[in-house]
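coords.cif follows; it contains mmCIF, C-alpha atoms and all ligand atoms.
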```
data_coords
#
loop_
_atom_site.label_atom_id
_atom_site.label_comp_id
_atom_site.auth_asym_id
_atom_site.auth_seq_id
_atom_site.Cartn_x
_atom_site.Cartn_y
_atom_site.Cartn_z
CA MET A 1 -28.51 49.87 27.43
CA SER A 2 -30.78 47.08 26.28
CA ARG A 3 -33.05 45.39 28.77
CA THR A 4 -32.29 41.77 29.62
CA ILE A 5 -34.45 38.71 30.12
CA THR A 6 -33.77 35.01 30.55
CA VAL A 7 -36.36 32.40 29.57
CA ILE A 8 -35.91 28.88 30.94
CA GLY A 9 -38.32 26.41 29.33
CA LEU A 10 -39.00 26.52 25.61
CA GLY A 11 -42.27 24.69 25.15
CA PRO A 12 -44.84 26.56 23.02
CA MET A 13 -45.33 29.15 25.81
CA GLY A 14 -41.65 29.81 26.55
CA GLN A 15 -40.92 30.14 22.83
CA ALA A 16 -43.76 32.65 22.41
CA MET A 17 -42.54 34.63 25.42
CA ALA A 18 -38.94 34.73 24.19
CA ALA A 19 -40.21 35.87 20.77
CA ALA A 20 -42.27 38.63 22.40
CA TYR A 21 -39.15 39.92 24.22
CA LEU A 22 -37.12 39.83 21.00
CA ASN A 23 -39.90 41.86 19.35
CA ARG A 24 -39.41 44.49 22.07
CA ASP A 25 -35.62 44.53 21.62
CA TYR A 26 -34.75 42.83 24.88
CA ARG A 27 -31.42 41.01 25.11
CA VAL A 28 -32.82 37.47 25.45
CA THR A 29 -30.95 34.52 27.00
CA LEU A 30 -32.40 31.03 26.81
CA TRP A 31 -31.94 27.65 28.42
CA ASN A 32 -33.89 24.49 27.69
CA ARG A 33 -33.37 20.79 28.50
CA THR A 34 -33.72 20.10 24.77
CA PRO A 35 -31.42 22.78 23.31
CA SER A 36 -32.69 22.45 19.72
CA ARG A 37 -35.95 24.15 20.71
CA ALA A 38 -33.95 27.38 20.91
CA ASP A 39 -32.80 27.22 17.26
CA ALA A 40 -35.35 29.59 15.68
CA LEU A 41 -34.98 32.11 18.51
CA VAL A 42 -31.17 32.03 18.32
CA LYS A 43 -31.48 32.78 14.58
CA ARG A 44 -33.48 35.86 15.60
CA GLY A 45 -30.74 37.04 17.98
CA ALA A 46 -31.31 35.25 21.29
CA THR A 47 -28.38 33.63 23.11
CA LEU A 48 -28.51 30.01 24.21
CA ALA A 49 -26.78 29.67 27.58
CA ALA A 50 -24.58 26.60 28.09
CA THR A 51 -25.85 26.00 31.63
CA PRO A 52 -28.76 27.08 33.86
CA GLU A 53 -26.20 28.98 36.00
CA GLU A 54 -25.12 30.99 32.96
CA ALA A 55 -28.76 31.63 32.04
CA LEU A 56 -29.58 32.94 35.55
CA ALA A 57 -26.53 35.19 35.61
CA ALA A 58 -27.25 36.75 32.20
CA SER A 59 -30.35 38.82 33.02
CA ASP A 60 -32.13 40.97 35.58
CA LEU A 61 -35.13 38.67 35.45
CA THR A 62 -35.57 34.96 34.69
CA ILE A 63 -38.87 33.58 33.43
CA LEU A 64 -39.58 29.90 34.11
CA SER A 65 -42.06 28.42 31.65
CA LEU A 66 -42.09 24.72 32.51
CA THR A 67 -44.59 21.88 32.67
CA ASP A 68 -44.64 22.00 36.47
CA LEU A 69 -42.65 22.79 39.61
CA ASP A 70 -40.87 19.41 39.52
CA ALA A 71 -39.27 20.56 36.27
CA MET A 72 -38.05 23.71 38.06
CA TYR A 73 -36.31 21.60 40.71
CA ALA A 74 -34.90 19.24 38.06
CA ILE A 75 -33.26 22.23 36.35
CA LEU A 76 -32.37 24.50 39.26
CA GLU A 77 -31.44 22.15 42.12
CA PRO A 78 -28.08 21.37 40.51
CA ALA A 79 -27.65 25.15 40.02
CA GLU A 80 -29.01 26.28 43.41
CA ALA A 81 -25.86 28.22 44.33
CA ALA A 82 -26.59 30.51 41.38
CA LEU A 83 -29.99 31.56 42.79
CA ALA A 84 -28.56 34.03 45.31
CA GLY A 85 -29.58 37.56 44.40
CA ARG A 86 -31.58 36.45 41.34
CA THR A 87 -35.23 37.26 40.61
CA LEU A 88 -37.34 34.56 39.01
CA VAL A 89 -40.90 34.46 37.75
CA ASN A 90 -42.52 31.04 37.79
CA LEU A 91 -45.13 30.83 35.03
CA SER A 92 -45.35 27.04 35.28
CA SER A 93 -48.64 25.47 36.28
CA ASP A 94 -48.87 23.67 39.62
CA THR A 95 -50.86 23.61 42.85
CA PRO A 96 -50.94 26.60 45.23
CA GLU A 97 -49.09 24.48 47.84
CA LYS A 98 -46.31 23.63 45.39
CA ALA A 99 -46.11 27.29 44.32
CA ARG A 100 -45.64 28.31 47.97
CA ALA A 101 -43.01 25.63 48.55
CA GLY A 102 -41.22 26.67 45.36
CA ALA A 103 -41.13 30.32 46.48
CA ARG A 104 -39.78 29.27 49.91
CA TRP A 105 -37.11 27.13 48.26
CA VAL A 106 -35.87 29.99 46.06
CA THR A 107 -35.92 32.38 49.06
CA GLU A 108 -33.91 29.90 51.16
CA HIS A 109 -31.24 30.06 48.46
CA GLY A 110 -31.14 33.84 48.49
CA GLY A 111 -33.33 34.51 45.46
CA THR A 112 -36.82 35.89 44.93
CA LEU A 113 -39.67 34.11 43.18
CA LEU A 114 -42.84 35.68 41.84
CA THR A 115 -45.59 33.23 40.86
CA GLY A 116 -47.74 33.74 37.78
CA GLY A 117 -50.55 32.05 35.90
CA VAL A 118 -50.91 33.02 32.24
CA LEU A 119 -54.46 33.07 30.90
CA CYS A 120 -53.85 32.83 27.18
CA PRO A 121 -52.49 30.39 24.60
CA PRO A 122 -49.11 30.91 22.87
CA PRO A 123 -50.50 32.86 19.85
CA LEU A 124 -51.85 35.57 22.20
CA ILE A 125 -48.59 36.00 24.14
CA GLY A 126 -47.32 39.55 23.64
CA THR A 127 -50.78 40.98 22.99
CA ALA A 128 -52.44 43.83 24.89
CA ASP A 129 -55.66 42.14 26.03
CA ALA A 130 -54.23 38.86 27.34
CA SER A 131 -53.81 38.66 31.09
CA THR A 132 -51.67 36.97 33.77
CA PHE A 133 -52.23 36.54 37.51
CA TYR A 134 -49.24 37.30 39.73
CA SER A 135 -48.60 36.88 43.43
CA GLY A 136 -45.60 37.04 45.73
CA PRO A 137 -43.50 40.03 46.84
CA ARG A 138 -45.30 43.19 45.69
CA GLU A 139 -42.06 45.12 45.39
CA THR A 140 -40.73 42.52 42.94
CA TYR A 141 -43.93 42.69 40.92
CA GLU A 142 -43.83 46.50 40.78
CA THR A 143 -40.11 46.59 39.92
CA HIS A 144 -40.53 44.20 36.98
CA ARG A 145 -44.04 45.15 35.91
CA GLU A 146 -42.96 46.66 32.60
CA ALA A 147 -41.09 43.47 31.67
CA LEU A 148 -44.04 41.31 32.76
CA GLU A 149 -46.38 43.35 30.57
CA VAL A 150 -44.41 42.18 27.53
CA ILE A 151 -45.78 38.65 28.17
CA THR A 152 -49.39 39.82 28.46
CA GLY A 153 -50.46 43.45 28.32
CA LYS A 154 -52.64 42.98 31.39
CA THR A 155 -51.33 41.81 34.76
CA ASP A 156 -53.47 41.06 37.79
CA TYR A 157 -51.54 41.13 41.08
CA ARG A 158 -53.43 39.06 43.67
CA GLY A 159 -51.31 39.55 46.79
CA GLU A 160 -48.18 38.54 48.69
CA ASP A 161 -49.08 34.84 49.06
CA PRO A 162 -47.28 33.02 46.21
CA GLY A 163 -50.08 30.44 46.17
CA LEU A 164 -52.75 32.96 45.13
CA ALA A 165 -51.76 33.30 41.48
CA ALA A 166 -51.55 29.50 41.26
CA LEU A 167 -55.00 29.20 42.84
CA MET A 168 -56.56 31.72 40.42
CA TYR A 169 -54.91 29.91 37.53
CA GLN A 170 -56.19 26.50 38.69
CA LEU A 171 -59.73 27.92 39.09
CA ASN A 172 -59.57 28.95 35.46
CA MET A 173 -58.21 25.57 34.39
CA ALA A 174 -60.99 23.79 36.32
CA ILE A 175 -63.37 25.57 33.94
CA PHE A 176 -61.24 25.57 30.79
CA TRP A 177 -60.39 21.88 30.36
CA PRO A 178 -63.86 20.40 31.06
CA SER A 179 -65.48 23.13 28.91
CA MET A 180 -63.23 22.29 25.99
CA ILE A 181 -63.86 18.55 26.42
CA ALA A 182 -67.60 19.36 26.34
CA TYR A 183 -66.90 21.16 23.08
CA TRP A 184 -65.00 18.14 21.66
CA GLN A 185 -68.04 16.04 22.66
CA ALA A 186 -70.28 18.34 20.63
CA VAL A 187 -67.87 18.17 17.68
CA ALA A 188 -67.87 14.33 17.80
CA LEU A 189 -71.66 14.34 17.91
CA ALA A 190 -71.89 16.81 15.02
CA ASP A 191 -69.40 14.69 13.05
CA ALA A 192 -71.59 11.61 13.47
CA HIS A 193 -74.31 13.60 11.67
CA GLY A 194 -72.12 14.92 8.86
CA LEU A 195 -71.47 18.37 10.35
CA THR A 196 -67.92 19.69 10.69
CA ALA A 197 -66.34 21.58 13.58
CA THR A 198 -66.39 24.65 11.32
CA ASP A 199 -70.13 24.18 10.62
CA ILE A 200 -71.01 24.36 14.31
CA ALA A 201 -68.36 26.93 15.32
CA PRO A 202 -70.70 29.97 15.29
CA TYR A 203 -73.20 28.18 17.54
CA VAL A 204 -70.48 27.01 19.93
CA THR A 205 -69.08 30.54 20.16
CA GLU A 206 -72.55 31.92 20.91
CA ASN A 207 -73.06 29.24 23.57
CA PHE A 208 -69.78 30.06 25.33
CA ALA A 209 -70.46 33.81 25.06
CA GLY A 210 -73.80 33.29 26.80
CA MET A 211 -72.21 31.59 29.83
CA GLY A 212 -71.58 34.96 31.48
CA HIS A 213 -75.34 35.33 31.94
CA PHE A 214 -75.46 32.10 33.97
CA VAL A 215 -72.47 33.10 36.09
CA ASP A 216 -74.09 36.47 36.85
CA PHE A 217 -77.43 34.87 37.64
CA TYR A 218 -76.19 32.09 39.92
CA ALA A 219 -73.24 33.73 41.75
CA SER A 220 -75.24 35.87 44.20
CA ARG A 221 -77.85 33.14 44.68
CA ILE A 222 -75.16 30.57 45.52
CA ASP A 223 -73.49 32.98 47.96
CA ALA A 224 -76.89 33.47 49.62
CA GLY A 225 -77.42 29.69 49.82
CA ASN A 226 -80.41 30.00 47.49
CA HIS A 227 -80.87 26.94 45.28
CA GLU A 228 -84.56 27.48 44.61
CA GLY A 229 -85.87 25.53 41.62
CA ASP A 230 -87.70 28.53 40.16
CA VAL A 231 -85.89 28.67 36.81
CA ASP A 232 -84.45 25.15 36.62
CA ARG A 233 -84.89 21.92 38.53
CA THR A 234 -82.21 19.24 38.89
CA ALA A 235 -84.74 16.60 37.80
CA MET A 236 -85.15 18.53 34.53
CA GLY A 237 -81.36 18.78 34.22
CA LEU A 238 -80.98 15.02 34.62
CA ALA A 239 -83.66 14.34 31.98
CA SER A 240 -81.94 16.80 29.62
CA MET A 241 -78.48 15.24 30.21
CA ASP A 242 -80.03 11.83 29.61
CA HIS A 243 -81.16 13.08 26.19
CA VAL A 244 -77.58 14.15 25.47
CA VAL A 245 -76.27 10.70 26.47
CA HIS A 246 -78.83 8.95 24.26
CA THR A 247 -78.30 11.30 21.33
CA ALA A 248 -74.61 10.34 21.57
CA SER A 249 -75.14 6.59 22.04
CA ASP A 250 -77.73 6.47 19.22
CA ALA A 251 -75.06 7.96 16.94
CA GLY A 252 -72.31 5.62 18.19
CA VAL A 253 -70.47 8.50 19.88
CA ASP A 254 -68.54 8.16 23.16
CA THR A 255 -70.67 8.88 26.25
CA ALA A 256 -68.04 8.97 29.04
CA PHE A 257 -68.16 12.74 29.53
CA PRO A 258 -71.97 13.26 29.52
CA GLU A 259 -72.30 10.17 31.77
CA ALA A 260 -69.95 11.83 34.27
CA VAL A 261 -72.16 14.95 34.25
CA LYS A 262 -75.25 12.77 34.72
CA HIS A 263 -73.58 11.21 37.75
CA ILE A 264 -73.44 14.64 39.43
CA PHE A 265 -77.15 15.23 38.74
CA HIS A 266 -77.92 11.80 40.22
CA ARG A 267 -76.03 12.63 43.39
CA VAL A 268 -78.07 15.83 43.87
CA ILE A 269 -81.32 13.92 43.35
CA ASP A 270 -80.22 11.02 45.59
CA ALA A 271 -79.55 13.58 48.32
CA GLY A 272 -83.23 14.61 48.05
CA HIS A 273 -82.81 17.83 46.05
CA GLY A 274 -84.41 16.93 42.71
CA ALA A 275 -86.77 19.92 42.92
CA ASP A 276 -83.91 22.37 43.57
CA SER A 277 -81.79 24.14 40.97
CA PHE A 278 -78.79 22.17 39.73
CA SER A 279 -76.69 24.85 41.48
CA ARG A 280 -77.36 22.66 44.55
CA ALA A 281 -74.50 20.48 43.21
CA VAL A 282 -72.10 23.15 44.55
CA GLU A 283 -73.07 22.17 48.10
CA LEU A 284 -72.21 18.52 47.39
CA MET A 285 -68.83 19.54 46.00
CA LYS A 286 -67.80 21.93 48.79
CA LYS A 287 -65.15 21.06 51.37
CA ARG A 288 -66.70 19.19 54.29
P1 LIG B 301 -44.75 22.18 27.82
O1 LIG B 301 -45.10 21.19 28.86
O2 LIG B 301 -44.99 21.87 26.39
O3 LIG B 301 -43.19 22.62 27.89
C1 LIG B 301 -42.64 23.11 29.01
C2 LIG B 301 -41.15 23.05 29.12
O4 LIG B 301 -40.88 22.27 30.31
C3 LIG B 301 -40.28 22.44 28.00
O5 LIG B 301 -39.25 23.36 27.77
C4 LIG B 301 -39.73 21.16 28.65
O6 LIG B 301 -38.41 20.86 28.21
C5 LIG B 301 -39.68 21.56 30.09
N1 LIG B 301 -39.64 20.42 31.02
C6 LIG B 301 -40.66 19.61 31.39
N2 LIG B 301 -40.24 18.70 32.28
C7 LIG B 301 -38.92 18.94 32.48
C8 LIG B 301 -37.92 18.36 33.29
N3 LIG B 301 -38.20 17.32 34.10
N4 LIG B 301 -36.68 18.87 33.25
C9 LIG B 301 -36.39 19.91 32.45
N5 LIG B 301 -37.29 20.53 31.66
C10 LIG B 301 -38.54 20.05 31.68
O7 LIG B 301 -45.54 23.47 28.28
P2 LIG B 301 -46.04 24.81 27.53
O8 LIG B 301 -44.91 25.54 26.94
O9 LIG B 301 -47.23 24.53 26.69
O10 LIG B 301 -46.57 25.59 28.81
C11 LIG B 301 -45.68 26.02 29.84
C12 LIG B 301 -46.49 26.27 31.10
O11 LIG B 301 -47.48 27.25 30.81
C13 LIG B 301 -47.23 25.03 31.60
O12 LIG B 301 -47.16 25.00 33.00
C14 LIG B 301 -48.67 25.22 31.13
O13 LIG B 301 -49.60 24.62 32.00
C15 LIG B 301 -48.79 26.75 31.13
N6 LIG B 301 -49.71 27.27 30.13
C16 LIG B 301 -49.75 26.72 28.86
C17 LIG B 301 -50.61 27.22 27.91
C18 LIG B 301 -50.65 26.65 26.51
O14 LIG B 301 -51.63 26.93 25.81
N7 LIG B 301 -49.66 25.92 26.07
C19 LIG B 301 -51.54 28.34 28.24
C20 LIG B 301 -51.38 28.87 29.55
C21 LIG B 301 -50.50 28.35 30.46
P3 LIG B 301 -38.13 20.03 26.86
O15 LIG B 301 -38.31 20.99 25.72
O16 LIG B 301 -36.74 19.54 27.03
O17 LIG B 301 -39.15 18.90 26.84
#
```

Encoded form (structure tokens):
Amino acid sequence: MSRTITVIGLGPMGQAMAAAYLNRDYRVTLWNRTPSRADALVKRGATLAATPEEALAASDLTILSLTDLDAMYAILEPAEAALAGRTLVNLSSDTPEKARAGARWVTEHGGTLLTGGVLCPPPLIGTADASTFYSGPRETYETHREALEVITGKTDYRGEDPGLAALMYQLNMAIFWPSMIAYWQAVALADAHGLTATDIAPYVTENFAGMGHFVDFYASRIDAGNHEGDVDRTAMGLASMDHVVHTASDAGVDTAFPEAVKHIFHRVIDAGHGADSFSRAVELMKKR
């Protein structure tokens, strides 16, 4: 008997997930607000359900790959009677609080919801090294682990609290988006000097690869409350960031992002910590 899976939400991620299940010979059922996004997958053998109810009923497990939790309610509230006895996996980004509320809502309607946060882009879905955080009922995670490993070969179960996977995902996004915007800034600056994104790619890759060193160096010091300015001083960091801002403005390149970084350095210095490491900024950012 073939294994069954339903995918609700056919953005780039949902499409990649459905394709990965087809590659593994699952019987794949789909539902999407815009049905035409299912066309290529239907040609490959997937079934497009006429309603969310039909999609939920078709498979042992339903994957939700949506923009956010509001989209889940928009789709499933009108179909809430069909949630009883169903198992869902929410791989849609949202806050830990909304993930918890979403899990409670599904439970109240007799279903089970596992929360997940996928740590790879669509082209890496279905590959062995990509990874996904999960949290929620452990039994559900263990029961469906094999099916979840089709999405990413690695799974990282964080615990029973459905908010934990969402939290781990948001921690990663807090790093990912600003880091990539910093990269776009560098590309814009390179472009102003006649260098292409491809020209600077090896240097950017090396820069990102080196970040692990800084994480290793600062993590234990931060946890010990040690912000000694022995290897870097915030005043030096501000001067260096100022050079970045001026290199950009001299070239006519946007300065909004480096100015925002400078603002953080200023706050550390204004608080009297100019001689400390810029890791001191963590203390300014922490919950009061
Ligand atoms: P998209 O936002 O492109 O698409 C998500 C899906 O949500 C679409 O099927 C869309 O339907 C549906 N949707 C959105 N709002 C509603 C609504 N109100 N009612 C019904 N359906 C709705 O997301 P992605 O596919 O790129 O990503 C899915 C999730 O995975 C997101 O939460 C994202 O943060 C996360 N993620 C994305 C990655 C990426 O690189 N793309 C990487 C890792 C995680 P329709 O087709 O009708 O518009």

Discussion item. List as a list in words the protein and nucleic acid residues near Phe208 in chain A, meaning an atom at most 12 Å away when only C-alpha atoms are counted, but skip any in the same chain fewer than 5 places from it.
Written reply: Ile175, Phe176, Ser179, Met180, Ala182, Tyr183, Ala201, Pro202, Tyr203, His213, Phe214 and Val215 of chain A

Discussion item. Please determine, counting all atoms listed in the file, which residue among A:Tyr157, A:Arg138, A:Gly229, A:Gln15 has the shortest atom-to-atom distance to Arg37 in chain A.
Written reply: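 Counting all atoms listed in the file, the residue closest to Arg37 in chain A is A:Gln15.
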
Discussion item. Which residue is closest to ligand LIG 301 (chain B)? Choose from A:Ser279, A:Ser36, A:Thr115, A:Thr29 and count only C-alpha atoms and all ligand atoms.
Written reply: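 Among A:Ser279, A:Ser36, A:Thr115, A:Thr29, it is A:Ser36 that comes nearest to ligand LIG 301 (chain B).
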
Worksheet entry | Protein and nucleic acid residues near (-38.5, 45.3, 38.6) (cut-off 12 Å, only C-alpha atoms) as a ChimeraX atom specification | /A:3-5,59-62,86-89,112,114,137-149

Practice prompt. Name the residues, by chain letter and number, that sit within 8 Å of ligand LIG 301 (chain B) using only C-alpha atoms and all ligand atoms, and give them as a ChimeraX atom specification.
Written response: /A:8-15,32-35,37,65-68,70-75,91-94,117-122

Go ahead and save the residues from that selection, with C-alpha atoms, as a compact mmCIF listing (two decimals), in the coordinates of the input.
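To be explicit, this is the file written out as out_19.txt:
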```txt
# COMPACT_ATOMS: atom_id res chain seq x y z
CA ILE A 8 -35.91 28.88 30.94
CA GLY A 9 -38.32 26.41 29.33
CA LEU A 10 -39.00 26.52 25.61
CA GLY A 11 -42.27 24.69 25.15
CA PRO A 12 -44.84 26.56 23.02
CA MET A 13 -45.33 29.15 25.81
CA GLY A 14 -41.65 29.81 26.55
CA GLN A 15 -40.92 30.14 22.83
CA ASN A 32 -33.89 24.49 27.69
CA ARG A 33 -33.37 20.79 28.50
CA THR A 34 -33.72 20.10 24.77
CA PRO A 35 -31.42 22.78 23.31
CA ARG A 37 -35.95 24.15 20.71
CA SER A 65 -42.06 28.42 31.65
CA LEU A 66 -42.09 24.72 32.51
CA THR A 67 -44.59 21.88 32.67
CA ASP A 68 -44.64 22.00 36.47
CA ASP A 70 -40.87 19.41 39.52
CA ALA A 71 -39.27 20.56 36.27
CA MET A 72 -38.05 23.71 38.06
CA TYR A 73 -36.31 21.60 40.71
CA ALA A 74 -34.90 19.24 38.06
CA ILE A 75 -33.26 22.23 36.35
CA LEU A 91 -45.13 30.83 35.03
CA SER A 92 -45.35 27.04 35.28
CA SER A 93 -48.64 25.47 36.28
CA ASP A 94 -48.87 23.67 39.62
CA GLY A 117 -50.55 32.05 35.90
CA VAL A 118 -50.91 33.02 32.24
CA LEU A 119 -54.46 33.07 30.90
CA CYS A 120 -53.85 32.83 27.18
CA PRO A 121 -52.49 30.39 24.60
CA PRO A 122 -49.11 30.91 22.87
```

Worksheet item: Closest to Glu160 in chain A among A:Arg100, A:Leu22, A:Ala197, A:Pro123, using all atoms listed in the file?
Response: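 Among the listed residues, A:Arg100 lies closest to Glu160 in chain A.
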
Response to the item:
Correct to one decimal, the distance CA of Ala20 in chain A-CA of Thr152 in chain A is 9.4 Å

Residues within 12 Å of Gly272 in chain A, please, as an mmCIF file with C-alpha atoms, in the coordinates of the input. Count all atoms listed in the file; anything in the same chain fewer than 6 positions from it doesn't count.
```cif
data_model
loop_
_atom_site.group_PDB
_atom_site.id
_atom_site.type_symbol
_atom_site.label_atom_id
_atom_site.label_comp_id
_atom_site.auth_asym_id
_atom_site.auth_seq_id
_atom_site.Cartn_x
_atom_site.Cartn_y
_atom_site.Cartn_z
ATOM 1 C CA THR A 234 -82.210 19.240 38.890
ATOM 2 C CA ALA A 235 -84.740 16.600 37.800
ATOM 3 C CA PHE A 265 -77.150 15.230 38.740
ATOM 4 C CA HIS A 266 -77.920 11.800 40.220
ATOM 5 C CA ARG A 280 -77.360 22.660 44.550
ATOM 6 C CA ALA A 281 -74.500 20.480 43.210
ATOM 7 C CA LEU A 284 -72.210 18.520 47.390
#
```

Discussion item. I need the residue nearest Glu259 in chain A from this list: A:Ala38, A:Gly102, A:Val244, A:His273. Use all atoms listed in the file for the distance.
Written reply: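 Smallest separation from Glu259 in chain A among the options: A:Val244.
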
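CA of Ala271 in chain A to CA of Glu283 in chain A spans 10.8 Å [interatomic distance, one decimal].
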
Worksheet item: At what distance in Å, to one decimal, does CA of Ile264 in chain A lie from CA of Asp242 in chain A?
Response: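 Going from CA of Asp242 in chain A over to CA of Ile264 in chain A, I get 12.2 Å.
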
Worksheet item: Which residue out of A:Leu76, A:Ala57, A:Ile125, A:Ala224 has the minimum interatomic distance to Ala19 in chain A when only C-alpha atoms are used?
Response: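 The shortest atom-to-atom distance to Ala19 in chain A comes from A:Ile125.
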
Discussion item. Using all atoms listed in the file, can you tell me which of A:Asp161, A:Ser277, A:Thr47, A:Gln170 comes closest to Ile222 in chain A?
Written reply: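 The shortest atom-to-atom distance to Ile222 in chain A comes from A:Ser277.
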
Item to complete: Name the residues in contact with Thr127 in chain A at a cut-off of 8 Å, using all atoms listed in the file, excluding same-chain residues fewer than 4 positions from it; report them as number ranges by chain.
Response: A: 150-153

Worksheet item: Near Asp199 in chain A, counting only C-alpha atoms, which residues have an atom at most 12 Å away, once you skip same-chain residues fewer than 5 positions from it, shown as a PyMOL selection string?
Response: chain A and resi 186-187+190-191+193-194+204-205

Go ahead and write the residues just picked, C-alpha atoms, as a compact mmCIF listing (two decimals), in the coordinates of the input.
```txt
# COMPACT_ATOMS: atom_id res chain seq x y z
CA ALA A 186 -70.28 18.34 20.63
CA VAL A 187 -67.87 18.17 17.68
CA ALA A 190 -71.89 16.81 15.02
CA ASP A 191 -69.40 14.69 13.05
CA HIS A 193 -74.31 13.60 11.67
CA GLY A 194 -72.12 14.92 8.86
CA VAL A 204 -70.48 27.01 19.93
CA THR A 205 -69.08 30.54 20.16
```
